[in-house]
Structures are given as structure tokens and as C-alpha cells.
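In what follows, a structure is listed as C-alpha cells, so that the remarks can point back to it.
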Amino acid sequence: MPFSNVRLSAVATFKGLSKADLSLLEAQLSPIAVTRGTALVREGEAADALYIVVTGRFSVDVAGHDEPVAEISSGATIGEIAFFAGGTRTATCTAIRDSVVVRLTRADFDAISAHAPAIWSNITATLAERLAAETRKSARLSGGGAAKPPPRTLAVVRAGSRPIPAVFLDSLCAMAQRDPATLVVSSHTLKTHGLAPESLDGVDAAHTLNGLESRYATVVYIADDTLTPWSEKAIRQSDEIVLTGYHGAAPVGASVARNELEAFSFALDRPPRHRLALLHDYRGGVQGTRHWLARRPVAMHHHLALGDDASLARLWRFLRGAALGFVACGGGAYCAAHVGLYKAFNEHGIGLDLLGGASGGAAMAAAFADELPADEIDRRVHRMFIEGKAMQRYTLPRYSLLDHTHFDRLLREEYANTLIEDLWKPFFAVALDLTDYRLEVLRSGPVWSAIRASAAIPAILPPFFTPGGSMLVDGSVASNVPIDVMRTIKPGPNVVVTFDPPTGEKLAVDYAALPARRELLWKLLTPWTRAELPDAPSPASVLVRSLMANRNHFERHLQPEDWLLMPPTPARMGALDWRQHSTLVESAYAYARTEIAKRRAAQAAPF
């Protein structure tokens, strides 16, 4: 029997046909419910039918592509190219949520087109438009490196064995409903939307739920505490699952088993994206996150404290694609300037949601992600580089110029046994893997070792060798300002920091006066002649300055919503002169306050 909800006049392929011709087509259509993960058509199969999406979404996958090449949603057709061309399917179309389609066979279409020949001109125009759109999409995909857009539908699903605290669910729902374009649906509100709990798998239920998406920008489904029919429907209907586990106050010492809700979600033929929200009784002091992550392949995890609006707001910004990133560049001793920016941001209530960087910038970003006070970070810089002389203990140049064991010990003292997974905010560091010449993004494991790898300045420090055999060196070699990495992790605005080292500075160095080996050794060993040595930069300073020049054309990754900051650096400061760290902090702090005032006056994001 015909499906009364289908109106082909809204489908591009059939626009322009007369009402009589449309009625002939609509009379042949019957609804088909397609559950999430079901392949409606497969690449290489005979194209014996055309499908029209009434409600729902489908991914388009082509052999040889790791990611879907397109998505098809309500009102569009599936399989029309091969159907009208008379060939085989050119792609596999899989439901990425519970959907409803209608099917038109070749025999029905041939009979109708004999009475309505005008349909072919419309089909030709539609196919040409679809081909042009796919060409444009292929060009965008070839650029790569973009984060996926924020989800339209979310499901909040219990993780682990403990119930989600009611106070969190109430707070999340209240925050979501502040936006009139967001709808929250739970099993308690199904009837208000015309849904019967006992018939959630039918065509009408899928049509109703997909209809909600067309009216709201975001729909949040709250799954039941157990695997009920509503929980299954909410999971299948969602673009992204927010696994929500109550961590509590005690550390977790063993892998946390999946519950039945999680098992169902991960077992889907086409599982949705997952992220993990861990709820704590209070802020900070997190341990044992790795035991949650061991059984859950999630794109990102978040720490939240019950009753803490700031951490909940941060999670919501991630879910809506509005999280604010902070990209910290490398630059040796210049990196102390990041602390001044961070101090100003804290004082002005600008919350940073995801922090990452290269080399010394990664070290600062890790401290920010752990929410250490700015003054405490500056004291740690002094303790490590001035009191500890981290970059001043030289060794025989067999593996490096500096004694790495001294540097490593000081790193361990400052970052202790903290794991990246346990930092209060998400964090990443970048390093260059010289085993296969690719950028390594470090998002798990000990914080100190990630920083050590990201700051392994070639020749000055030995590479960081991983248990898997990788040889990692300073991330600045490949990406001194890793905004491209930030964009692969999340969409939305970013604060991007770079330094503009003094340029045009001429050095009064007589090249011919640079001593030979024997003369150099003699003057270094006799203090009264050491002053005769030319005042030329050290090899370490030259190398760090060279790495700073490698910005990897990061500007091409900037978007209008990003905020580029370039704090001032002293004219006569060397790249390894940590003695001026507090001066840099204060100058960057003053600079950031001025820039924040300008941005607020202009009412520019992220304000």
C-alpha cells in the first residue's frame, strides 16, 4: 500500500513532474524500516531498485576509502546513478541511524516513465548536480586533516556498573535545554512526542524520531539504566554516544568491564562515535583513567566533577563543536611566555578546553591541562632550568651534547607519575617519529615521557626510544605550531600561539676568528683566555632558533574563528636563556590583557 508520508515533489529527482505523474509514482511506494548498520545497497550488486530516504541518514562508502565519501539524508535518493544507467552499484550505502526508505523497482519505474516521459529530463539534471557535488566533496576530502562535524543526535549511556548520578543528568538536561534548538528525550517523555514504548522498532517510531531532528539542531537521548527497548533505540538513533561513568573519589585499580548497554553499542555493525565522560566527586587528583579506557575505544575522554558547572560546560562545548583549543608552539626558553598568556586567560574567565603543543610548548600545555596556577608553573620553570640547570649539564658527545639522565630526572620530579589520561583537561603533544618520518601525536602514557619525546632537540638530547621501537625527536622539527593536529581532534575555535624571534639582528662575529679545535680546547681550559673567544651563539641556541623557523606554514590551517597570538620576546635573549623566564611571563601577561580587551571591545570570539 502507498505510504502517505512520502511526497515526491520534495525530492530533487522528481521535481517538475505534474501532480498526476507524481501520484502514479507515489502509488507504487511502500515504506521499509532500515535499522542502524544495515547496508541498503552494496557496491558491485545489480541495481534493480531505487530508494528514497523518508527519514534517517546513510553513509556512502567506496572501496579503497577509509572514510565515507558522503552522507545521504531525508528527501534524497539512493542508488539512482546505477539504477538509471543500468549498471551495478558504485558504492555501499549503510544506515547510520534507524531510518525509513521507500523502494521503487525498475519495472514500476519503466511503466510510469512510459506515461510521464518528462521524468528523464529531471533525472539528467539531478545526476549532473550530484556528480558535481561529489566532485567538490572529493576535493575537500583530499585535503584531509579535518575533525568530524559535531553530532546532531547524542545518546547519554551509562558506562561501568554504577548508575549515573541523578544530579549529573539533571544538570546536563538543564544545560542542554537552555538552547531552544536542543531537545532532550528520555523514556519518561516518549508519550509527549507521540511514541509508544512498546512499538519503538516500527516505521512510525523511526519517522517520528527522525522528524524531531528536522525540527531541532540537536537531540539528546537519555538511555535507561538498563538495556531496554528505549535504550537500544536511543543508541541506534544517535550520531555519538556519551558513555558516562561514575568514577567517584577512589582510584580504580583494574580494568572496568563494559555493561550490557556498552556491549550493545560497540557491537553494532556500524557503531556510532563514542566519547567517555568520567564523573568525580571533586576536581583534580584523578587516578585510574586508563582502566576505563582499556575496554572502551573512544575518540576522547573528559573529567567532570559533580556539581561543577565549569566542567559540565566544557563537555557541552565539545559536544556542540565549540570547544576552545590552545595550541602552544615550541621555542626553547621563549616558551615561558605561554605562562603569561595562561595567567591572563584565567583572570578573565576564558576557559581552555583542549591543550596541546610542540616541544617546550607541550610542557607548558600539560601544566595548564592539570590546572596548575600560573605562578606555580613559573616557580617550576625556575626550579628546573635555573636551580636544576636542566640544559647545562654537558656530556661526552656520543649520543648527545647534554646529559639526558639529568634532564629526565628533573622532568620526573616536576610531573611525577601523572598520566596524560588523568590530566583534568584533554592534552596532546607532538613528536617526529624518525623510524617512518611521520608526526606522532601523544595522547596517553606518562606526561613526563610525552614531554621528553616532544622536546628531544636533535643532537642536544638523544631521541626518545619507545618500547615499540620508535625513535622520537622534537615535534618542532615537523610542526612547531601543531594547529593541524588540533583540527583533527576537534572542530571549533582555537587560540594559536607563535613567537616572532627578533629578526634583522646583526651579529658582530668575525667568522675567521672562530678557533680551531686545539685553540678552542686551550682557551676553554684556561679561564684567563676564555674571554678572547668570539661572542657567537652556541650550537644549541642555533639549533633551537632554526627549529622555530619551521612553522610548517601553519597559517593555512587557521580559520576566521581562530585567535593568533604572538607575544613579544626580548631582543637580546637567546633561545636557551631561561634566566629571563619571569620577565617573559610578565610581558606576555601584559600583552594578553591588552589583546583580550581589544577582542572583547570588538565582540569577537571566544567571548
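Order determines the names: the first chain of the C-alpha cells is A, the second B, and so forth; residues in each chain are numbered 1 upward, and ligands are numbered 1 upward as they are shown.
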### Task
Pull the strand (DSSP E) assignments for stretch 320-411 of chain A out of DSSP run on the backbone, and list those residues as a PyMOL selection string.
chain A and resi 325-328+354-358
### Message
Give me the residues near A:Ala604 as a count of residues only, where near means some atom within 12 Å (using only C-alpha atoms) and where sequence neighbours in that chain fewer than 3 positions away do not count.
### Response
13
### Query
What lies within 12 Å of A:Val185 using only C-alpha atoms, ignoring chain neighbours under 4 positions off, as a ChimeraX atom specification?
/A:153-156,173,176-177,189-195,209,212-213,216,218-224,230-231,233-234,237-238
Got time to write the residues from that selection, C-alpha atoms, as a PDB file, in the first residue's frame?
```pdb
ATOM      1  CA  THR A 153      21.906  13.401  17.835  1.00  0.00           C
ATOM      2  CA  LEU A 154      23.508  12.245  21.093  1.00  0.00           C
ATOM      3  CA  ALA A 155      22.782   9.407  23.467  1.00  0.00           C
ATOM      4  CA  VAL A 156      23.828   9.559  27.119  1.00  0.00           C
ATOM      5  CA  CYS A 173      19.434  18.311  30.775  1.00  0.00           C
ATOM      6  CA  ALA A 176      21.037  21.410  27.040  1.00  0.00           C
ATOM      7  CA  GLN A 177      17.553  22.893  27.322  1.00  0.00           C
ATOM      8  CA  THR A 189       8.879  11.837  27.768  1.00  0.00           C
ATOM      9  CA  LEU A 190       8.172   9.432  24.896  1.00  0.00           C
ATOM     10  CA  LYS A 191       4.412   9.808  25.074  1.00  0.00           C
ATOM     11  CA  THR A 192       4.643  13.588  24.810  1.00  0.00           C
ATOM     12  CA  HIS A 193       6.171  13.047  21.359  1.00  0.00           C
ATOM     13  CA  GLY A 194       3.564  10.519  20.286  1.00  0.00           C
ATOM     14  CA  LEU A 195       5.787   7.469  20.836  1.00  0.00           C
ATOM     15  CA  LEU A 209      12.282  10.424  15.908  1.00  0.00           C
ATOM     16  CA  LEU A 212      12.462  15.610  15.678  1.00  0.00           C
ATOM     17  CA  GLU A 213      15.924  16.007  14.165  1.00  0.00           C
ATOM     18  CA  TYR A 216      15.827  20.706  16.295  1.00  0.00           C
ATOM     19  CA  THR A 218      20.443  18.859  18.461  1.00  0.00           C
ATOM     20  CA  VAL A 219      18.529  15.980  20.018  1.00  0.00           C
ATOM     21  CA  VAL A 220      19.830  14.382  23.233  1.00  0.00           C
ATOM     22  CA  TYR A 221      18.539  10.908  24.057  1.00  0.00           C
ATOM     23  CA  ILE A 222      18.862   9.766  27.677  1.00  0.00           C
ATOM     24  CA  ALA A 223      19.105   5.973  27.674  1.00  0.00           C
ATOM     25  CA  ASP A 224      17.617   3.951  30.501  1.00  0.00           C
ATOM     26  CA  TRP A 230      14.216   2.512  24.512  1.00  0.00           C
ATOM     27  CA  SER A 231      17.944   2.251  25.316  1.00  0.00           C
ATOM     28  CA  LYS A 233      16.537   2.716  20.083  1.00  0.00           C
ATOM     29  CA  ALA A 234      18.359   5.715  21.575  1.00  0.00           C
ATOM     30  CA  GLN A 237      19.380   6.636  16.620  1.00  0.00           C
ATOM     31  CA  SER A 238      22.470   8.595  17.674  1.00  0.00           C
TER      32      SER A 238
END
```
### Query
Which residues come within 8 Å of A:Gly492, counting only C-alpha atoms, excluding same-chain residues fewer than 5 positions away, as an MDAnalysis selection string?
chainID A and resid 321:325 561
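Taking atom CA of A:Asn259 and atom CA of A:Pro229 as the two end points, the separation is 15.8 Å.
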### Top pick for closest residue to A:Thr435, considering A:Ile350, A:Leu521, A:Phe465, A:Ala516 and counting only C-alpha atoms
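Of all the options, A:Phe465 lies closest to A:Thr435.
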#### Entry: All residues 9 Å or closer to A:Ala592, only C-alpha atoms, same chain fewer than 2 positions away omitted, as a PyMOL selection string
chain A and resi 340-345+565+567+587-590+594-597
### Message
When you look at stretch 75-83 of chain A with a cut-off of 6 Å (counting only C-alpha atoms), what residues show up, excluding the ones that are within fewer than 4 positions of it in the same chain? I need them as a ChimeraX atom specification.
### Response
/A:11,47,50-54,87-89
### Task
With a distance cut-off of 9 Å and only C-alpha atoms, select the neighbouring residues of A:Ala431, excluding the residue or stretch itself and same-chain residues fewer than 2 positions from it, and output the selection as a list of chain:residue names.
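Using only C-alpha atoms, the neighbours found are A:Ala358, A:Ser359, A:Ala429, A:Asp433, A:Arg438, A:Leu439, A:Glu440, A:Val441, A:Leu442, A:Ala450, A:Ile451, A:Ala453, A:Ser454, A:Ala455, A:Ala456, A:Leu472, A:Val473, A:Asp474, A:Gly475, A:Ser476, A:Val477, A:Ala478, A:Ser479.
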### Task
Identify which of the residues A:Gly284, A:Lys148, A:Gly211, A:Leu276 lies closest to A:Pro297, counting only C-alpha atoms when measuring atom-to-atom distances.
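Checking each candidate against A:Pro297, we get A:Leu276 as the closest.
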### Query
Of the candidates A:Ala46, A:Ala277, A:Ala181, A:Met486, which shows the shortest atom-to-atom distance to A:Arg296, using only C-alpha atoms?
A:Ala277
### DSSP-assigned helix (DSSP H, G or I) members of stretch 269-395 of chain A, reported as a PyMOL selection string
chain A and resi 289-293+309-319+332-347+360-369+374-387
### Task
Name the closest residue to A:Val339 among the candidates A:Ile489, A:Ala63, A:Val497, A:Ile457; distances are taken between atoms, counting only C-alpha atoms.
A:Val497
#### Entry: Of the listed residues A:Val447, A:Ala313, A:Leu25, A:Leu293, that which approaches A:Ser113 most closely, counting only C-alpha atoms
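When distances to A:Ser113 are compared using only C-alpha atoms, the smallest one comes from A:Leu25.
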### Message
Calculated over only C-alpha atoms, which of the candidates A:Ala374, A:Ala459, A:Asp309, A:Thr94 has the smallest distance to A:Arg398?
### Response
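Answer, going by the shortest atom-to-atom distance: A:Ala459.
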